[in-house]
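> Just so it is clear, I am handing over start_26.csv, which has CSV, C-alpha atoms.
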```csv
chain,number,residue,atom,x,y,z
A,1,MET,CA,-2.9,17.6,-17.2
A,2,ASP,CA,-2.7,13.9,-16.5
A,3,ILE,CA,-1.6,12.6,-13.1
A,4,PRO,CA,1.7,10.8,-13.8
A,5,PHE,CA,2.4,7.2,-12.8
A,6,VAL,CA,-1.1,6.1,-12.0
A,7,VAL,CA,-0.7,3.2,-14.4
A,8,HIS,CA,2.8,2.7,-15.4
A,9,PRO,CA,5.6,2.5,-12.8
A,10,ARG,CA,7.9,5.3,-11.9
A,11,PRO,CA,11.4,4.6,-13.2
A,12,ASP,CA,13.0,5.1,-9.7
A,13,THR,CA,10.6,3.0,-7.6
A,14,GLY,CA,9.5,0.5,-10.2
A,15,LEU,CA,5.9,1.0,-8.8
A,16,TYR,CA,2.9,3.1,-9.7
A,17,ASN,CA,2.3,5.7,-7.0
A,18,ALA,CA,-0.9,4.4,-5.5
A,19,LYS,CA,0.9,1.1,-4.6
A,20,VAL,CA,3.6,3.0,-2.7
A,21,GLY,CA,0.9,5.0,-1.0
A,22,ILE,CA,-1.2,2.0,0.1
A,23,TRP,CA,1.9,0.2,1.5
A,24,ILE,CA,2.8,3.3,3.6
A,25,PHE,CA,-0.8,3.4,4.8
A,26,LEU,CA,-0.7,-0.4,5.7
A,27,ALA,CA,2.6,0.2,7.6
A,28,SER,CA,0.8,2.8,9.7
A,29,GLU,CA,-2.0,0.3,10.2
A,30,VAL,CA,0.5,-2.4,11.4
A,31,MET,CA,1.6,0.1,14.1
A,32,LEU,CA,-2.0,0.9,15.1
A,33,PHE,CA,-3.0,-2.8,15.5
A,34,GLY,CA,0.5,-3.5,17.0
A,35,ALA,CA,-0.1,-1.1,19.8
A,36,LEU,CA,-3.5,-2.7,20.6
A,37,PHE,CA,-2.0,-6.2,20.4
A,38,SER,CA,0.8,-5.2,22.8
A,39,SER,CA,-1.9,-3.8,25.1
A,40,TYR,CA,-3.6,-7.1,25.0
A,41,ILE,CA,-0.4,-8.9,25.9
A,42,LEU,CA,0.2,-6.5,28.8
A,43,LEU,CA,-3.3,-7.0,30.1
A,44,ARG,CA,-3.2,-10.7,29.8
A,45,VAL,CA,0.1,-11.3,31.5
A,46,GLY,CA,-0.8,-8.8,34.2
A,47,ALA,CA,-4.1,-10.6,35.0
A,48,PRO,CA,-4.0,-12.6,38.3
A,49,GLU,CA,-3.9,-16.4,38.0
A,50,GLY,CA,-7.4,-17.7,37.0
A,51,TYR,CA,-8.9,-14.3,36.3
A,52,TRP,CA,-8.4,-14.1,32.5
A,53,PRO,CA,-11.6,-15.3,30.9
A,54,ARG,CA,-11.6,-18.5,28.8
A,55,GLY,CA,-14.4,-19.8,26.7
A,56,TRP,CA,-16.4,-16.5,26.7
A,57,LEU,CA,-16.6,-16.4,23.0
A,58,ASN,CA,-18.4,-18.9,20.7
A,59,VAL,CA,-15.7,-20.8,18.8
A,60,PRO,CA,-18.0,-22.2,16.0
A,61,ILE,CA,-19.2,-18.7,15.2
A,62,GLY,CA,-15.7,-17.3,15.2
A,63,THR,CA,-14.6,-20.2,12.9
A,64,VAL,CA,-17.4,-19.4,10.5
A,65,ASN,CA,-16.5,-15.7,10.5
A,66,THR,CA,-12.8,-16.7,9.8
A,67,ILE,CA,-13.9,-18.8,6.9
A,68,VAL,CA,-16.1,-16.0,5.6
A,69,LEU,CA,-13.2,-13.5,5.7
A,70,ILE,CA,-10.8,-16.0,4.0
A,71,THR,CA,-13.4,-16.6,1.3
A,72,SER,CA,-13.8,-12.9,0.8
A,73,SER,CA,-10.0,-12.6,0.3
A,74,ILE,CA,-10.0,-15.2,-2.5
A,75,THR,CA,-13.0,-13.5,-4.2
A,76,THR,CA,-11.1,-10.2,-4.0
A,77,VAL,CA,-8.0,-11.6,-5.6
A,78,MET,CA,-10.1,-13.4,-8.2
A,79,ALA,CA,-11.9,-10.1,-9.0
A,80,TRP,CA,-8.5,-8.5,-9.7
A,81,ALA,CA,-7.3,-11.5,-11.7
A,82,SER,CA,-10.5,-11.3,-13.7
A,83,CYS,CA,-9.7,-7.7,-14.6
A,84,LYS,CA,-6.2,-8.8,-15.7
A,85,LEU,CA,-7.9,-11.5,-17.9
A,86,ASN,CA,-10.3,-8.9,-19.4
A,87,GLN,CA,-13.3,-10.7,-17.9
A,88,PHE,CA,-15.3,-7.7,-16.6
A,89,GLY,CA,-18.4,-9.8,-16.0
A,90,LYS,CA,-16.5,-12.2,-13.7
A,91,PHE,CA,-15.0,-9.3,-11.9
A,92,LYS,CA,-18.5,-8.0,-11.1
A,93,VAL,CA,-19.6,-11.4,-9.8
A,94,PHE,CA,-16.5,-11.9,-7.6
A,95,HIS,CA,-16.7,-8.4,-6.1
A,96,ALA,CA,-20.4,-8.8,-5.5
A,97,CYS,CA,-19.5,-12.0,-3.5
A,98,THR,CA,-16.9,-10.0,-1.6
A,99,MET,CA,-19.5,-7.4,-0.6
A,100,LEU,CA,-21.9,-10.1,0.5
A,101,LEU,CA,-19.3,-11.9,2.5
A,102,ALA,CA,-18.3,-8.6,4.2
A,103,LEU,CA,-22.0,-8.0,5.1
A,104,THR,CA,-22.2,-11.6,6.4
A,105,PHE,CA,-19.1,-11.0,8.6
A,106,VAL,CA,-20.5,-7.8,10.0
A,107,CYS,CA,-23.9,-9.4,10.7
A,108,ILE,CA,-22.3,-12.3,12.5
A,109,LYS,CA,-20.1,-9.9,14.5
A,110,SER,CA,-23.2,-7.9,15.4
A,111,TYR,CA,-24.9,-11.0,16.6
A,112,GLU,CA,-21.9,-11.7,18.8
A,113,TYR,CA,-22.0,-8.2,20.2
A,114,HIS,CA,-25.7,-8.5,20.9
A,115,ASP,CA,-25.1,-11.7,22.8
A,116,LYS,CA,-22.6,-9.9,25.0
A,117,PHE,CA,-24.8,-6.8,25.6
A,118,THR,CA,-27.7,-9.0,26.7
A,119,HIS,CA,-25.5,-11.1,29.0
A,120,TYR,CA,-25.6,-9.8,32.6
A,121,GLU,CA,-23.8,-10.5,35.8
A,122,ILE,CA,-26.1,-9.6,38.7
A,123,THR,CA,-24.7,-9.4,42.2
A,124,LEU,CA,-27.4,-10.0,44.9
A,125,LYS,CA,-27.4,-8.4,48.3
A,126,ASP,CA,-26.8,-11.9,49.9
A,127,GLY,CA,-23.5,-12.2,48.1
A,128,ARG,CA,-24.6,-14.7,45.4
A,129,ILE,CA,-24.0,-13.9,41.8
A,130,ALA,CA,-26.5,-14.6,39.0
A,131,ASP,CA,-25.1,-14.8,35.5
A,132,GLY,CA,-27.0,-15.2,32.3
A,133,HIS,CA,-28.8,-13.7,29.4
A,134,ILE,CA,-31.7,-11.4,30.0
A,135,VAL,CA,-35.2,-12.8,29.3
A,136,ALA,CA,-37.2,-9.9,30.7
A,137,ASN,CA,-36.0,-6.6,32.0
A,138,ASN,CA,-38.8,-4.2,32.1
A,139,PRO,CA,-37.8,-1.2,34.3
A,140,LYS,CA,-41.3,-0.9,35.6
A,141,ALA,CA,-41.5,-4.5,36.7
A,142,ASP,CA,-40.5,-5.6,40.2
A,143,SER,CA,-38.2,-8.4,39.0
A,144,VAL,CA,-35.6,-9.3,36.3
A,145,VAL,CA,-35.7,-12.7,34.6
A,146,ILE,CA,-32.5,-14.2,33.2
A,147,SER,CA,-31.6,-17.6,31.7
A,148,GLY,CA,-28.5,-18.6,33.5
A,149,ARG,CA,-27.1,-19.9,36.8
A,150,TYR,CA,-26.0,-18.9,40.3
A,151,VAL,CA,-22.4,-18.9,41.4
A,152,GLN,CA,-20.9,-18.2,44.9
A,153,ASP,CA,-17.6,-16.9,43.7
A,154,ARG,CA,-17.0,-14.6,40.7
A,155,LYS,CA,-13.9,-16.7,39.8
A,156,ASP,CA,-16.3,-19.5,38.8
A,157,LEU,CA,-17.4,-17.3,35.9
A,158,TYR,CA,-13.9,-16.9,34.3
A,159,ASP,CA,-13.3,-20.4,32.8
A,160,LEU,CA,-16.5,-21.1,30.8
A,161,GLU,CA,-15.0,-23.7,28.5
A,162,VAL,CA,-18.2,-25.7,28.0
A,163,ARG,CA,-16.3,-28.6,26.5
A,164,LYS,CA,-14.8,-29.2,29.9
A,165,ALA,CA,-17.7,-28.5,32.2
A,166,PRO,CA,-21.1,-27.9,30.7
A,167,HIS,CA,-23.2,-25.6,32.8
A,168,HIS,CA,-26.9,-26.1,33.5
A,169,HIS,CA,-28.9,-23.0,32.7
A,170,GLU,CA,-32.3,-22.3,34.0
A,171,GLU,CA,-34.8,-19.4,34.1
A,172,ILE,CA,-34.2,-17.3,37.2
A,173,THR,CA,-36.5,-14.6,38.5
A,174,ILE,CA,-34.7,-12.0,40.7
A,175,PRO,CA,-36.6,-9.4,42.6
A,176,ARG,CA,-35.2,-5.9,42.0
A,177,ASN,CA,-35.0,-5.1,45.7
A,178,GLN,CA,-32.4,-8.0,46.1
A,179,ILE,CA,-30.1,-6.7,43.4
A,180,ALA,CA,-26.9,-4.9,44.7
A,181,ASP,CA,-25.3,-4.5,41.2
A,182,MET,CA,-26.2,-5.4,37.7
A,183,GLU,CA,-23.9,-5.1,34.7
A,184,SER,CA,-23.9,-6.3,31.1
A,185,TYR,CA,-20.9,-7.9,29.4
A,186,GLY,CA,-20.0,-4.7,27.6
A,187,PRO,CA,-16.6,-3.2,27.3
A,188,TRP,CA,-16.9,-1.7,30.7
A,189,HIS,CA,-17.3,-5.1,32.4
A,190,ASN,CA,-13.6,-6.0,32.6
A,191,THR,CA,-10.3,-5.6,30.8
A,192,TYR,CA,-10.8,-8.7,28.7
A,193,LEU,CA,-14.0,-7.4,27.2
A,194,ALA,CA,-12.6,-3.8,26.9
A,195,ILE,CA,-9.7,-5.1,24.7
A,196,TYR,CA,-12.0,-7.5,22.9
A,197,PHE,CA,-14.5,-4.8,21.9
A,198,THR,CA,-11.6,-2.4,21.0
A,199,LEU,CA,-9.8,-4.8,18.8
A,200,THR,CA,-12.8,-6.4,17.1
A,201,GLY,CA,-14.6,-3.0,16.9
A,202,LEU,CA,-11.7,-1.4,15.2
A,203,HIS,CA,-11.4,-4.4,12.9
A,204,ALA,CA,-15.1,-4.3,12.1
A,205,LEU,CA,-14.7,-0.6,11.2
A,206,HIS,CA,-12.0,-1.6,8.7
A,207,VAL,CA,-14.3,-4.2,7.2
A,208,ILE,CA,-17.1,-1.7,6.8
A,209,GLY,CA,-14.7,0.9,5.3
A,210,GLY,CA,-13.2,-1.6,2.9
A,211,ALA,CA,-16.6,-2.9,1.9
A,212,ILE,CA,-17.7,0.7,1.1
A,213,VAL,CA,-14.6,1.2,-1.2
A,214,ILE,CA,-15.2,-2.2,-2.9
A,215,GLY,CA,-18.9,-1.3,-3.3
A,216,PHE,CA,-17.9,2.0,-5.0
A,217,LEU,CA,-15.5,0.2,-7.4
A,218,TRP,CA,-18.1,-2.4,-8.1
A,219,GLY,CA,-20.8,0.3,-8.8
A,220,PRO,CA,-20.2,3.8,-10.0
A,221,GLY,CA,-16.4,3.5,-9.9
A,222,SER,CA,-16.5,0.7,-12.5
A,223,LYS,CA,-17.2,3.1,-15.3
A,224,LEU,CA,-13.5,3.7,-15.4
A,225,TRP,CA,-13.1,0.3,-16.9
A,226,GLU,CA,-14.6,1.6,-20.2
A,227,THR,CA,-12.1,4.4,-20.5
A,228,ASP,CA,-8.9,3.2,-18.7
A,229,PRO,CA,-9.0,-0.5,-17.8
A,230,GLU,CA,-5.4,-0.6,-16.6
A,231,ARG,CA,-5.9,2.2,-14.1
A,232,PHE,CA,-9.2,0.6,-13.0
A,233,THR,CA,-7.3,-2.8,-12.5
A,234,ASN,CA,-4.7,-1.0,-10.4
A,235,ARG,CA,-7.5,0.5,-8.2
A,236,ILE,CA,-8.8,-3.0,-7.7
A,237,GLU,CA,-5.4,-4.2,-6.7
A,238,ILE,CA,-5.0,-1.3,-4.1
A,239,SER,CA,-8.4,-2.0,-2.6
A,240,GLY,CA,-7.5,-5.7,-2.6
A,241,LEU,CA,-4.3,-5.0,-0.7
A,242,PHE,CA,-6.3,-3.3,2.0
A,243,TRP,CA,-8.8,-6.1,2.2
A,244,HIS,CA,-6.1,-8.7,2.5
A,245,PHE,CA,-4.6,-6.7,5.4
A,246,VAL,CA,-8.0,-6.8,7.1
A,247,ASP,CA,-8.1,-10.6,6.6
A,248,LEU,CA,-4.5,-10.8,7.9
A,249,VAL,CA,-5.4,-9.0,11.2
A,250,TRP,CA,-8.4,-11.3,11.7
A,251,ILE,CA,-6.1,-14.3,11.2
A,252,PHE,CA,-4.3,-13.3,14.5
A,253,LEU,CA,-7.4,-11.9,16.3
A,254,PHE,CA,-9.3,-15.2,16.0
A,255,PRO,CA,-6.9,-17.5,17.9
A,256,VAL,CA,-5.8,-14.8,20.3
A,257,LEU,CA,-9.4,-13.9,21.4
A,258,TYR,CA,-11.4,-17.1,20.8
A,259,LEU,CA,-9.0,-20.0,21.3
A,260,ILE,CA,-6.2,-19.3,23.7
B,1,MET,CA,6.7,-20.1,-8.9
B,2,THR,CA,9.6,-17.9,-9.8
B,3,ALA,CA,9.8,-14.3,-8.4
B,4,GLN,CA,10.1,-12.9,-12.0
B,5,ASN,CA,7.1,-14.9,-13.1
B,6,HIS,CA,5.0,-13.5,-10.3
B,7,ALA,CA,6.3,-10.0,-10.6
B,8,SER,CA,5.2,-9.7,-14.1
B,9,LEU,CA,1.6,-10.4,-13.0
B,10,THR,CA,1.4,-7.1,-11.1
B,11,GLN,CA,2.7,-5.0,-13.9
B,12,PRO,CA,0.5,-3.6,-16.6
B,13,ILE,CA,-0.3,-6.0,-19.4
B,14,ALA,CA,0.3,-4.7,-22.8
B,15,GLY,CA,-2.9,-4.3,-24.8
B,16,GLN,CA,-5.1,-5.2,-21.8
B,17,ALA,CA,-8.1,-3.5,-23.2
B,18,SER,CA,-7.8,-5.1,-26.6
B,19,GLY,CA,-6.9,-8.6,-25.6
B,20,LEU,CA,-4.3,-10.8,-24.1
B,21,SER,CA,-1.7,-12.9,-25.8
B,22,HIS,CA,-2.0,-16.6,-25.4
B,23,GLU,CA,1.1,-16.7,-23.2
B,24,ASP,CA,-0.3,-14.0,-20.8
B,25,HIS,CA,-3.6,-15.8,-20.6
B,26,GLU,CA,-1.9,-19.1,-19.7
B,27,ARG,CA,0.3,-17.4,-17.1
B,28,LEU,CA,-2.7,-15.7,-15.5
B,29,THR,CA,-4.7,-18.9,-15.4
B,30,LEU,CA,-1.8,-20.6,-13.7
B,31,HIS,CA,-1.8,-17.9,-11.0
B,32,VAL,CA,-5.5,-18.2,-10.5
B,33,ARG,CA,-5.0,-21.9,-9.8
B,34,ARG,CA,-2.3,-21.1,-7.3
B,35,TYR,CA,-4.6,-18.6,-5.5
B,36,LEU,CA,-7.1,-21.4,-5.1
B,37,TYR,CA,-4.5,-23.7,-3.6
B,38,VAL,CA,-3.6,-20.9,-1.1
B,39,PHE,CA,-7.3,-20.6,-0.3
B,40,TYR,CA,-7.6,-24.3,0.4
B,41,ALA,CA,-4.5,-24.1,2.6
B,42,LEU,CA,-6.0,-21.2,4.6
B,43,LEU,CA,-9.2,-23.2,5.2
B,44,PHE,CA,-7.2,-26.2,6.3
B,45,GLY,CA,-5.0,-24.0,8.5
B,46,THR,CA,-8.2,-22.6,10.2
B,47,LEU,CA,-9.5,-26.0,11.0
B,48,VAL,CA,-6.1,-27.1,12.3
B,49,THR,CA,-6.0,-24.0,14.5
B,50,VAL,CA,-9.4,-24.8,16.0
B,51,GLY,CA,-8.5,-28.5,16.4
B,52,ALA,CA,-5.2,-27.8,18.0
B,53,SER,CA,-6.8,-25.6,20.6
B,54,TYR,CA,-8.7,-28.7,21.9
B,55,ILE,CA,-5.6,-30.8,22.3
B,56,PRO,CA,-4.3,-30.8,25.9
B,57,PHE,CA,-0.6,-30.3,25.5
B,58,GLY,CA,-0.1,-30.2,29.2
B,59,ASN,CA,1.1,-26.6,29.3
B,60,HIS,CA,-1.2,-23.9,28.1
B,61,ALA,CA,1.8,-22.0,26.8
B,62,ILE,CA,2.3,-24.7,24.2
B,63,ASN,CA,-1.3,-24.2,23.0
B,64,ILE,CA,-0.6,-20.5,22.6
B,65,ALA,CA,2.6,-21.1,20.7
B,66,VAL,CA,0.9,-23.6,18.3
B,67,ALA,CA,-2.0,-21.3,17.6
B,68,LEU,CA,0.4,-18.4,16.9
B,69,VAL,CA,2.7,-20.5,14.7
B,70,ILE,CA,-0.2,-21.6,12.6
B,71,ALA,CA,-1.5,-18.0,12.4
B,72,CYS,CA,1.9,-16.8,11.3
B,73,GLY,CA,1.9,-19.5,8.5
B,74,LYS,CA,-1.6,-18.4,7.4
B,75,ALA,CA,-0.5,-14.7,7.5
B,76,SER,CA,2.5,-15.6,5.4
B,77,LEU,CA,0.3,-17.2,2.7
B,78,VAL,CA,-2.0,-14.2,2.5
B,79,ALA,CA,0.9,-11.7,2.5
B,80,GLY,CA,3.0,-13.7,0.1
B,81,PHE,CA,0.5,-14.7,-2.5
B,82,PHE,CA,-2.7,-12.6,-2.2
B,83,MET,CA,-0.7,-9.4,-1.5
B,84,HIS,CA,2.1,-10.4,-3.9
B,85,LEU,CA,4.9,-9.9,-1.4
B,86,ILE,CA,6.6,-13.0,-2.7
B,87,SER,CA,7.9,-10.9,-5.5
B,88,GLU,CA,7.6,-7.2,-4.8
B,89,ARG,CA,9.9,-4.3,-5.5
B,90,LYS,CA,12.8,-3.4,-3.1
B,91,LEU,CA,11.1,-0.2,-2.0
B,92,ILE,CA,8.2,-2.2,-0.5
B,93,TYR,CA,10.5,-4.7,1.2
B,94,GLY,CA,12.5,-1.7,2.7
B,95,LEU,CA,9.3,-0.1,3.9
B,96,LEU,CA,8.2,-3.3,5.5
B,97,ALA,CA,11.6,-3.8,7.1
B,98,PHE,CA,11.3,-0.4,8.8
B,99,THR,CA,7.7,-1.3,9.9
B,100,ALA,CA,8.9,-4.6,11.4
B,101,CYS,CA,11.7,-2.8,13.3
B,102,PHE,CA,9.3,-0.3,14.8
B,103,PHE,CA,6.7,-3.0,15.5
B,104,LEU,CA,9.3,-5.1,17.4
B,105,GLY,CA,10.5,-2.0,19.2
B,106,LEU,CA,6.9,-1.2,20.2
B,107,MET,CA,6.4,-4.8,21.5
B,108,PHE,CA,9.8,-4.8,23.3
B,109,LEU,CA,9.2,-1.5,25.1
B,110,ILE,CA,5.7,-2.4,26.3
B,111,ILE,CA,6.5,-5.9,27.4
B,112,SER,CA,9.7,-4.8,29.1
B,113,ALA,CA,7.7,-2.1,30.9
B,114,TYR,CA,5.7,-4.9,32.5
B,115,ALA,CA,8.6,-5.9,34.7
B,116,ASP,CA,9.5,-2.3,35.4
B,117,PHE,CA,8.0,-1.7,38.8
B,118,PRO,CA,9.3,0.7,41.4
B,119,ARG,CA,11.0,-1.0,44.3
B,120,LEU,CA,8.7,-2.4,47.1
B,121,THR,CA,5.7,-2.5,44.7
B,122,VAL,CA,3.3,-5.2,45.7
B,123,THR,CA,2.5,-7.4,42.7
B,124,HIS,CA,0.3,-10.5,42.2
```
The structure in this file should be written as structure tokens.

Amino acid sequence: MDIPFVVHPRPDTGLYNAKVGIWIFLASEVMLFGALFSSYILLRVGAPEGYWPRGWLNVPIGTVNTIVLITSSITTVMAWASCKLNQFGKFKVFHACTMLLALTFVCIKSYEYHDKFTHYEITLKDGRIADGHIVANNPKADSVVISGRYVQDRKDLYDLEVRKAPHHHEEITIPRNQIADMESYGPWHNTYLAIYFTLTGLHALHVIGGAIVIGFLWGPGSKLWETDPERFTNRIEISGLFWHFVDLVWIFLFPVLYLI
Amino acid sequence: MTAQNHASLTQPIAGQASGLSHEDHERLTLHVRRYLYVFYALLFGTLVTVGASYIPFGNHAINIAVALVIACGKASLVAGFFMHLISERKLIYGLLAFTACFFLGLMFLIISAYADFPRLTVTH
């Protein structure tokens, strides 16, 4: 027995069923990200004056990732339009581009995460704070080497907008017996990084999930084109709606986390 | 672009497997061109967002407002054209209206909770 309304619209809704399904799913996604965005707002307005980080993320890298995701959105919609135009070869090319762009996005995001996990704030027993990226951190060695700077007050670390005040970084060797506390810029470091990793991590999982679905439709799933091209085109539209939603979330994440 | 014109794009095209009529082909080609214009607008919007963040408006709240207004504009383009919301069925609009109500309720409850301290609580 054939599943009804997978191609042609139901008379009462005017839509094929999968389209109603994806929009209900996207509505639940809006609530999921909405809850996290509202948490972000609460954390930000609740932070004491001068203690909400600024300039901690690399704006050019974030801009490149935004352009990558926007470009993947146009290749997705072009892949769908190619199916509508009966140009299966073009569909393959456009969706291959989408997958490559998704991979590029995840690679750039991984680089940014790596940058944070190798960035340390080291509090010394004399009260000074050394801040910078790890150069050498052998647990058996007597010292830790970072590329960074010393500050007297932790507050000096919060506004790092290089465009306003470039910081001079140098290689610093710190004996282990002088270290009181040493912590990387992971999600445990402060509330800003906790919400940053939560929001971008969840978003990255969506990118990976969407790329897997697109990869399936590009590869083994594309056999459906030979037997039922309209149904296949609808599947491309559904996966495309999800992908555009992922792009849409990033459109807000980028300015909120990187720029303001 | 008329709503009717765009709506027909998301509906099955008769004889898709065997070939398109000249009219359908023309119409789809027109839509592809529009998608490209939206893409260029999104790229431009991204650059404007970054550029605007460097402008000292005097009050940081203005920078936040400008960034969010541009983001809303870009999101509208993606939702309207790439997700075809410019001409969807009423059921989808109804669903999104419910979502918007719950989303605003969520925001309102959480933000209003920020000011809801017990008496004599020491705040920053």
> Find the spatial neighbours of B:Asn63, counting only C-alpha atoms, within a cut-off of 9 Å - ignore same-chain residues fewer than 5 positions away - and output them as number ranges by chain.
A: 259-260; B: 52-58, 68
> Select, as JSON, numbers by chain, those residues of chain A with any atom no more than 6 Å from chain B (distances computed using all atoms listed in the file).
{"A": [27, 38, 241, 248, 252, 260]}
> Which value, in Å to one decimal, gives the distance between atom CA of A:Ile251 and atom CA of A:Val59?
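Computing the Euclidean distance for atom CA of A:Ile251 and atom CA of A:Val59 yields 13.9 Å.
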> May I ask for the distance between atom CA of A:Ala102 and atom CA of A:Ile208, given in Å to one decimal place?
7.5 Å
> Figure out the distance between atom CA of A:Tyr196 and atom CA of A:Ala136, please, to one decimal in Å.
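If I compute the distance from atom CA of A:Ala136 to atom CA of A:Tyr196, I get 26.5 Å.
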> Taking into account all atoms listed in the file, which residue in the set A:Pro255, A:Leu26, A:Glu230, A:Lys92 is nearest to A:Phe216?
A:Lys92
